[in-house]
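K.L.:
Just so it is clear, I am handing over run39.txt, which has compact mmCIF, C-alpha atoms.
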```
# COMPACT_ATOMS: atom_id res chain seq x y z
CA MET A 806 161.78 99.39 181.79
CA PRO A 807 164.66 101.13 179.95
CA ALA A 808 164.65 101.03 176.16
CA SER A 809 167.77 98.84 176.08
CA GLN A 810 166.11 96.23 178.33
CA LYS A 811 162.94 96.27 176.26
CA ARG A 812 165.00 95.71 173.15
CA ARG A 813 166.87 92.84 174.80
CA ALA A 814 163.60 91.22 175.94
CA ARG A 815 162.16 91.55 172.43
CA GLN A 816 165.27 89.97 170.92
CA GLN A 817 165.04 87.05 173.34
CA GLN A 818 161.51 86.46 172.02
CA GLY A 819 162.89 86.40 168.48
CA GLN A 820 161.30 89.67 167.37
CA VAL A 821 162.77 92.70 165.65
CA ASN A 822 161.34 96.18 166.20
CA LYS A 823 158.15 96.01 164.13
CA CYS A 824 157.78 99.79 163.99
CA VAL A 825 161.25 100.19 162.45
CA LYS A 826 160.80 97.10 160.27
CA TYR A 827 157.57 98.23 158.62
CA SER A 828 158.69 101.85 158.40
CA VAL A 829 161.68 100.69 156.35
CA PHE A 830 159.40 98.38 154.31
CA PHE A 831 156.81 101.02 153.36
CA TYR A 832 159.49 103.69 152.82
CA ASN A 833 161.28 101.45 150.31
CA PHE A 834 158.04 100.15 148.82
CA PHE A 835 157.10 103.72 147.95
CA PHE A 836 160.41 104.29 146.14
CA TRP A 837 160.20 100.84 144.53
CA ILE A 838 156.92 101.94 142.90
CA ILE A 839 158.54 105.22 141.76
CA GLY A 840 161.56 103.35 140.37
CA THR A 841 159.27 100.96 138.46
CA ILE A 842 157.30 103.85 136.94
CA LEU A 843 160.49 105.70 135.90
CA LEU A 844 161.95 102.53 134.38
CA ILE A 845 158.82 101.66 132.40
CA PHE A 846 158.39 105.27 131.27
CA GLY A 847 162.00 105.43 130.05
CA ILE A 848 161.85 102.11 128.20
CA LEU A 849 158.53 102.92 126.51
CA GLY A 850 159.75 106.38 125.59
CA LEU A 851 162.95 105.05 124.06
CA THR A 852 161.40 102.14 122.16
CA SER A 853 158.65 104.38 120.75
CA LYS A 854 161.21 106.38 118.79
CA GLU A 855 161.58 105.12 115.25
CA ASN A 856 164.74 107.12 114.58
CA VAL A 857 166.89 105.75 117.43
CA ASN A 858 170.35 104.99 116.06
CA LEU A 859 172.45 102.84 118.38
CA ASP A 860 175.63 104.01 116.66
CA GLU A 861 175.06 107.63 117.73
CA ILE A 862 176.49 107.38 121.22
CA THR A 863 176.33 111.11 121.82
CA GLY A 864 172.65 111.14 120.95
CA LEU A 865 171.94 108.32 123.38
CA VAL A 866 173.66 110.10 126.22
CA LEU A 867 171.66 113.26 125.55
CA ASP A 868 168.34 111.45 125.27
CA PRO A 869 166.26 112.18 128.41
CA MET A 870 164.77 108.67 128.27
CA TRP A 871 168.13 107.17 129.18
CA MET A 872 168.16 109.32 132.31
CA PHE A 873 164.77 107.85 133.32
CA ILE A 874 165.98 104.30 132.60
CA VAL A 875 169.22 104.60 134.58
CA LEU A 876 167.62 106.46 137.49
CA GLY A 877 164.64 104.12 137.53
CA ALA A 878 166.85 101.01 137.51
CA ILE A 879 168.99 102.27 140.40
CA VAL A 880 165.96 103.24 142.52
CA PHE A 881 164.20 99.96 141.63
CA ILE A 882 167.13 97.71 142.62
CA ILE A 883 168.10 99.50 145.84
CA SER A 884 164.53 100.00 147.11
CA PHE A 885 163.61 96.41 146.20
CA ALA A 886 166.53 95.17 148.29
CA GLY A 887 165.49 97.36 151.23
CA CYS A 888 161.80 96.47 150.88
CA THR A 889 162.28 92.70 150.58
CA GLY A 890 165.14 92.62 153.10
CA ALA A 891 163.07 94.36 155.76
CA LEU A 892 159.97 92.22 155.12
CA ARG A 893 161.87 88.92 155.07
CA GLU A 894 164.43 90.04 157.67
CA ASN A 895 167.19 89.10 155.25
CA THR A 896 170.52 90.53 156.42
CA CYS A 897 172.17 89.94 153.02
CA LEU A 898 169.68 92.18 151.21
CA LEU A 899 169.73 94.75 154.01
CA LYS A 900 173.53 94.93 153.94
CA PHE A 901 173.42 95.35 150.17
CA PHE A 902 170.91 98.18 150.67
CA CYS A 903 173.22 99.94 153.15
CA PHE A 904 176.27 99.46 150.93
CA ALA A 905 174.54 100.62 147.74
CA LEU A 906 172.89 103.63 149.40
CA GLY A 907 176.21 104.52 151.06
CA ILE A 908 177.88 104.53 147.62
CA ILE A 909 175.06 106.69 146.25
CA ILE A 910 175.49 109.21 149.09
CA LEU A 911 179.25 109.39 148.48
CA LEU A 912 178.66 109.88 144.74
CA GLU A 913 176.11 112.62 145.40
CA ILE A 914 178.50 114.47 147.70
CA THR A 915 181.37 114.01 145.22
CA VAL A 916 179.29 115.32 142.31
CA LEU A 917 178.15 118.27 144.41
CA ILE A 918 181.73 119.18 145.36
CA LEU A 919 182.98 118.77 141.78
CA ALA A 920 180.12 120.91 140.47
CA ILE A 921 181.15 123.70 142.86
CA VAL A 922 184.90 123.38 142.20
CA TYR A 923 184.55 123.03 138.42
CA LYS A 924 181.71 125.49 137.96
CA THR A 925 183.16 126.80 134.68
CA GLU A 926 183.20 123.29 133.21
CA VAL A 927 179.64 122.70 134.39
CA ASP A 928 178.51 125.93 132.71
CA SER A 929 180.28 124.83 129.53
CA PHE A 930 178.59 121.41 129.71
CA ILE A 931 175.16 123.05 130.02
CA GLY A 932 175.90 125.31 127.06
CA ASN A 933 177.07 122.36 124.94
CA TRP A 934 173.95 120.37 125.86
CA ILE A 935 171.71 123.24 124.78
CA GLU A 936 173.60 123.57 121.50
CA ARG A 937 173.23 119.86 120.81
CA ALA A 938 169.55 120.03 121.76
CA ILE A 939 169.06 122.88 119.27
CA TYR A 940 170.63 120.75 116.54
CA ASP A 941 168.29 117.78 117.36
CA TYR A 942 165.23 119.93 118.11
CA MET A 943 163.03 118.75 115.26
CA ASP A 944 164.21 115.12 115.39
CA ASP A 945 163.57 114.25 119.04
CA PRO A 946 160.22 115.09 120.71
CA ASP A 947 161.69 114.69 124.21
CA ILE A 948 164.54 117.11 123.52
CA GLN A 949 162.02 119.45 121.90
CA PHE A 950 159.78 119.37 124.97
CA LEU A 951 162.66 120.02 127.39
CA LEU A 952 164.09 122.86 125.34
CA ASP A 953 160.69 124.51 124.87
CA GLU A 954 159.97 124.31 128.60
CA MET A 955 163.41 125.75 129.38
CA GLN A 956 163.00 128.68 126.99
CA ILE A 957 159.47 129.44 128.18
CA GLY A 958 160.28 129.08 131.86
CA LEU A 959 163.56 131.02 131.84
CA LYS A 960 162.48 133.50 129.14
CA CYS A 961 165.55 132.82 127.03
CA CYS A 962 166.39 131.77 123.48
CA GLY A 963 169.26 129.66 122.19
CA SER A 964 172.41 128.81 124.11
CA LEU A 965 174.17 132.18 123.98
CA SER A 966 171.73 134.11 121.80
CA PRO A 967 168.80 133.55 119.39
CA ASN A 968 171.33 133.25 116.54
CA ASP A 969 172.28 129.80 117.89
CA TRP A 970 169.14 128.54 116.14
CA ASP A 971 171.03 128.93 112.89
CA ASN A 972 172.61 125.57 113.82
CA ASN A 973 169.28 123.85 113.25
CA MET A 974 168.66 122.93 109.62
CA TYR A 975 165.00 123.99 109.79
CA PHE A 976 165.68 127.41 111.35
CA ASN A 977 168.86 128.10 109.39
CA CYS A 978 168.59 131.20 107.22
CA SER A 979 169.44 129.14 104.13
CA SER A 980 166.60 126.68 104.79
CA PRO A 981 163.77 126.51 102.23
CA ALA A 982 161.30 125.91 105.08
CA ALA A 983 158.85 128.55 106.30
CA SER A 984 160.74 128.58 109.62
CA ALA A 985 163.94 129.81 107.91
CA CYS A 986 165.86 132.47 109.80
CA GLY A 987 163.48 132.04 112.71
CA VAL A 988 163.21 130.57 116.20
CA PRO A 989 160.67 128.22 117.85
CA TYR A 990 157.50 129.60 119.41
CA SER A 991 159.01 129.04 122.88
CA CYS A 992 161.40 131.93 122.20
CA CYS A 993 158.56 134.38 121.60
CA VAL A 994 157.43 137.00 124.07
CA PRO A 995 153.85 135.88 124.89
CA ASP A 996 150.95 137.94 123.62
CA GLU A 997 149.06 139.02 126.75
CA THR A 998 145.98 139.89 124.70
CA SER A 999 145.45 136.36 123.38
CA ASP A 1000 145.21 132.89 124.94
CA VAL A 1001 145.96 131.21 121.61
CA ILE A 1002 149.57 130.11 121.07
CA ASN A 1003 151.04 131.32 117.79
CA TYR A 1004 153.46 128.57 116.81
CA HIS A 1005 154.75 130.64 113.87
CA CYS A 1006 155.49 133.78 115.89
CA GLY A 1007 159.26 133.33 115.59
CA TYR A 1008 159.43 132.54 111.88
CA GLY A 1009 161.74 134.87 109.97
CA VAL A 1010 162.40 137.08 112.99
CA ARG A 1011 166.20 136.77 112.70
CA SER A 1012 166.09 138.22 109.19
CA THR A 1013 165.17 141.54 110.77
CA PRO A 1014 167.64 143.86 112.60
CA PRO A 1015 168.48 142.63 116.16
CA THR A 1016 167.24 145.94 117.55
CA THR A 1017 163.69 144.92 116.63
CA TRP A 1018 163.82 141.54 118.41
CA TYR A 1019 163.19 142.71 121.97
CA ASN A 1020 159.42 143.03 121.64
CA VAL A 1021 159.09 139.80 119.68
CA ILE A 1022 161.45 137.17 121.18
CA TRP A 1023 163.60 136.69 124.24
CA THR A 1024 167.17 137.76 123.55
CA ASP A 1025 169.02 136.31 126.55
CA GLY A 1026 170.83 133.00 126.05
CA CYS A 1027 169.62 130.00 128.07
CA ALA A 1028 173.11 129.02 129.30
CA ALA A 1029 173.40 132.29 131.23
CA SER A 1030 169.74 132.07 132.32
CA VAL A 1031 170.24 128.59 133.79
CA ASN A 1032 173.28 129.81 135.70
CA TYR A 1033 171.34 132.83 136.99
CA TRP A 1034 168.40 130.61 138.04
CA LEU A 1035 170.75 128.32 139.99
CA LEU A 1036 172.26 131.32 141.80
CA GLN A 1037 168.82 132.76 142.58
CA ASN A 1038 167.60 129.44 144.02
CA THR A 1039 170.76 128.38 145.85
CA ILE A 1040 169.05 128.26 149.25
CA ILE A 1041 166.10 126.18 148.03
CA ILE A 1042 168.39 123.78 146.16
CA SER A 1043 170.65 123.43 149.23
CA VAL A 1044 167.66 122.66 151.48
CA VAL A 1045 166.34 120.02 149.06
CA ILE A 1046 169.77 118.37 148.77
CA GLY A 1047 170.15 118.47 152.56
CA VAL A 1048 166.74 116.85 153.15
CA VAL A 1049 167.48 114.11 150.59
CA LEU A 1050 170.85 113.33 152.21
CA ILE A 1051 169.31 113.27 155.70
CA LEU A 1052 166.56 110.87 154.58
CA GLN A 1053 169.14 108.59 152.96
CA ILE A 1054 171.35 108.60 156.07
CA LEU A 1055 168.34 107.90 158.32
CA SER A 1056 167.42 104.99 156.04
CA ILE A 1057 170.84 103.44 156.56
CA PHE A 1058 170.58 104.04 160.33
CA PHE A 1059 167.21 102.27 160.59
CA VAL A 1060 168.33 99.38 158.40
CA LYS A 1061 171.45 98.98 160.54
CA TYR A 1062 169.14 98.85 163.57
CA ILE A 1063 167.19 95.97 162.02
CA ILE A 1064 170.38 94.13 161.08
CA GLU A 1065 171.64 94.38 164.69
CA ASP A 1066 168.32 92.99 165.95
CA ILE A 1067 168.45 90.05 163.53
CA GLN A 1068 172.07 89.25 164.33
CA MET A 1069 171.40 89.38 168.07
CA ILE A 1070 168.37 87.09 167.69
CA LYS A 1071 170.50 84.60 165.73
CA ALA A 1072 173.20 84.75 168.40
CA LEU A 1073 170.67 84.03 171.16
CA TRP A 1074 169.22 81.09 169.25
```
Would you mind giving the structure from this file in structure tokens?
P.N.:
Amino acid sequence: MPASQKRRARQQQGQVNKCVKYSVFFYNFFFWIIGTILLIFGILGLTSKENVNLDEITGLVLDPMWMFIVLGAIVFIISFAGCTGALRENTCLLKFFCFALGIIILLEITVLILAIVYKTEVDSFIGNWIERAIYDYMDDPDIQFLLDEMQIGLKCCGSLSPNDWDNNMYFNCSSPAASACGVPYSCCVPDETSDVINYHCGYGVRSTPPTTWYNVIWTDGCAASVNYWLLQNTIIISVVIGVVLILQILSIFFVKYIIEDIQMIKALW
């Protein structure tokens, strides 16, 4: 029997395609769990900070916890609609899922195009974020973690150069702290002879001539290093983006399939 006749016979019995139905359910259930974890992680991370000032809008935007909250909320809502809609065969929730995911796909494509067209502005945004992160380095553990991982992973220091750390009150050369005229440990060239991390390795290094820095700290700025990393990994990034878009489009296709089954069953009854 042709597939179209099998589908028609199944609809006459009041049944949707169970394989498609439960594939959509478990697919969205998986992302619903991820969205829940991201949301809880972001909320706990934000509320655990004693120095959160709601008046500092710029600080809130830069806080990584807000990224987890927003991303988690979006994934939670959309996947919950797809999960529940597929399980309960609710066309309203399934249509909302298709509409919301369609908007997300359009936004992703738009952001991607704008990032390519306005590459200079994107580079400037990255540089400004790093500069702001340097300023808040000692005050926000999340920013500190991200910046340390960036400097260690990309082997860079500061936004444009190690001297950018003069914008942090603890590493400023006029600071009375022991870290004055220095940089964080994540800027230091690792000591291959020791497994112990020297957290004071960058203290006072900027008070010495720049020609002596090369064997002690990384001298390349992180803004340029991020740009170089993106160029070096263009193919991998493109493949990942392509796979994500394909999965999202397939999700809409399968949900549309279920909606058509439900509507046909209602028409027959």
K.L.:
Considering only C-alpha atoms, can you say which of A:Phe976, A:Tyr1004, A:Phe830, A:Phe846 comes closest to Ala886 (chain A)?
P.N.:
A:Phe830
K.L.:
With distances taken over only C-alpha atoms, which of A:Tyr940, A:Ile909, A:Asp1066, A:Pro995 is nearest to Tyr975 (chain A)?
P.N.:
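That would be A:Tyr940, the residue with the smallest distance to Tyr975 (chain A).
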K.L.:
Under the rule that all atoms listed in the file are counted, which of A:Asn833, A:Ser979, A:Ser853, A:Thr841 is the nearest residue to Asp945 (chain A)?
P.N.:
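Of A:Asn833, A:Ser979, A:Ser853, A:Thr841, the one nearest Asp945 (chain A), counting all atoms listed in the file, is A:Ser853.
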K.L.:
Would you mind reading off the distance between CA of Asn1020 (chain A) and CA of Cys993 (chain A), one decimal, in Å?
P.N.:
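These two atoms are separated by 8.7 Å.
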K.L.:
Near Cys903 (chain A), counting all atoms listed in the file, which residues have an atom at most 8 Å away, once you skip same-chain residues fewer than 6 positions from it, shown as a list of chain:residue names?
P.N.:
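Neighbouring residues, sequence-local ones excluded: A:Ile1057, A:Val1060, A:Lys1061.
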K.L.:
For each of A:Thr998, A:Asn1032, A:Gly958, A:Leu851, take the minimum atom-to-atom distance to Lys924 (chain A), counting all atoms listed in the file, then give the residue where this is smallest.
P.N.:
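Smallest distance to Lys924 (chain A) is found for A:Asn1032.
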K.L.:
What is the CA of Trp1023 (chain A)-CA of Val994 (chain A) distance in Å, reported with one decimal?
P.N.:
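Computed distance, CA of Trp1023 (chain A) to CA of Val994 (chain A), equals 6.2 Å.
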K.L.:
Which of these residues is nearest to Phe834 (chain A), using only C-alpha atoms: A:Pro869, A:Pro989, A:Gly847, A:Gly887?
P.N.:
A:Gly887
K.L.:
Go through A:Ile1067, A:Ala1029, A:Tyr990, A:Ser966 one by one, measure the shortest atom-to-atom distance of each to Asp953 (chain A) using all atoms listed in the file, and give the residue with the smallest value.
P.N.:
A:Tyr990
K.L.:
Record the distance separating CA of Phe930 (chain A) and CA of Asn968 (chain A), expressed in Å with one decimal.
P.N.:
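Between CA of Phe930 (chain A) and CA of Asn968 (chain A) the gap is 19.1 Å.
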K.L.:
Report as JSON lines the residues of region 901-950 of chain A within 12 Å of region 1042-1051 of chain A, each with its shortest atom pair and distance in Å (one decimal), using all atoms listed in the file, ordered by chain and increasing residue number.
P.N.:
```
{"residue": "A:Leu906", "atom": "CA", "partner": "A:Leu1050", "partner_atom": "CA", "distance": 10.3}
{"residue": "A:Gly907", "atom": "CA", "partner": "A:Leu1050", "partner_atom": "CA", "distance": 10.4}
{"residue": "A:Ile909", "atom": "CA", "partner": "A:Leu1050", "partner_atom": "CA", "distance": 9.9}
{"residue": "A:Ile910", "atom": "CA", "partner": "A:Leu1050", "partner_atom": "CA", "distance": 6.9}
{"residue": "A:Leu911", "atom": "CA", "partner": "A:Leu1050", "partner_atom": "CA", "distance": 10.0}
{"residue": "A:Leu912", "atom": "CA", "partner": "A:Leu1050", "partner_atom": "CA", "distance": 11.3}
{"residue": "A:Glu913", "atom": "CA", "partner": "A:Leu1050", "partner_atom": "CA", "distance": 8.6}
{"residue": "A:Ile914", "atom": "CA", "partner": "A:Leu1050", "partner_atom": "CA", "distance": 9.0}
{"residue": "A:Val916", "atom": "CA", "partner": "A:Ile1046", "partner_atom": "CA", "distance": 11.9}
{"residue": "A:Leu917", "atom": "CA", "partner": "A:Ile1046", "partner_atom": "CA", "distance": 9.4}
```
K.L.:
Find the residues around Lys823 (chain A) up to 10 Å (all atoms listed in the file counted), leave out those fewer than 3 positions away in its own chain, and share them as a PyMOL selection string.
P.N.:
chain A and resi 820+826-829+891-892+1063
K.L.:
Take every atom of region 976-983 of chain A listed in the file, pad by 5 Å on each side, and give me the axis-aligned box centre and edge lengths in Å, one decimal, as lines of an AutoDock Vina configuration file.
P.N.:
```
center_x = 164.1
center_y = 128.6
center_z = 106.8
size_x = 20.6
size_y = 15.3
size_z = 19.1
```
K.L.:
Mind checking which residues fall within 12 Å of Gly987 (chain A), counting only C-alpha atoms, ignoring those fewer than 5 positions away in the same chain, and posting them as a ChimeraX atom specification?
P.N.:
/A:962-963,967-982,992-993,1004-1013,1018,1021-1022
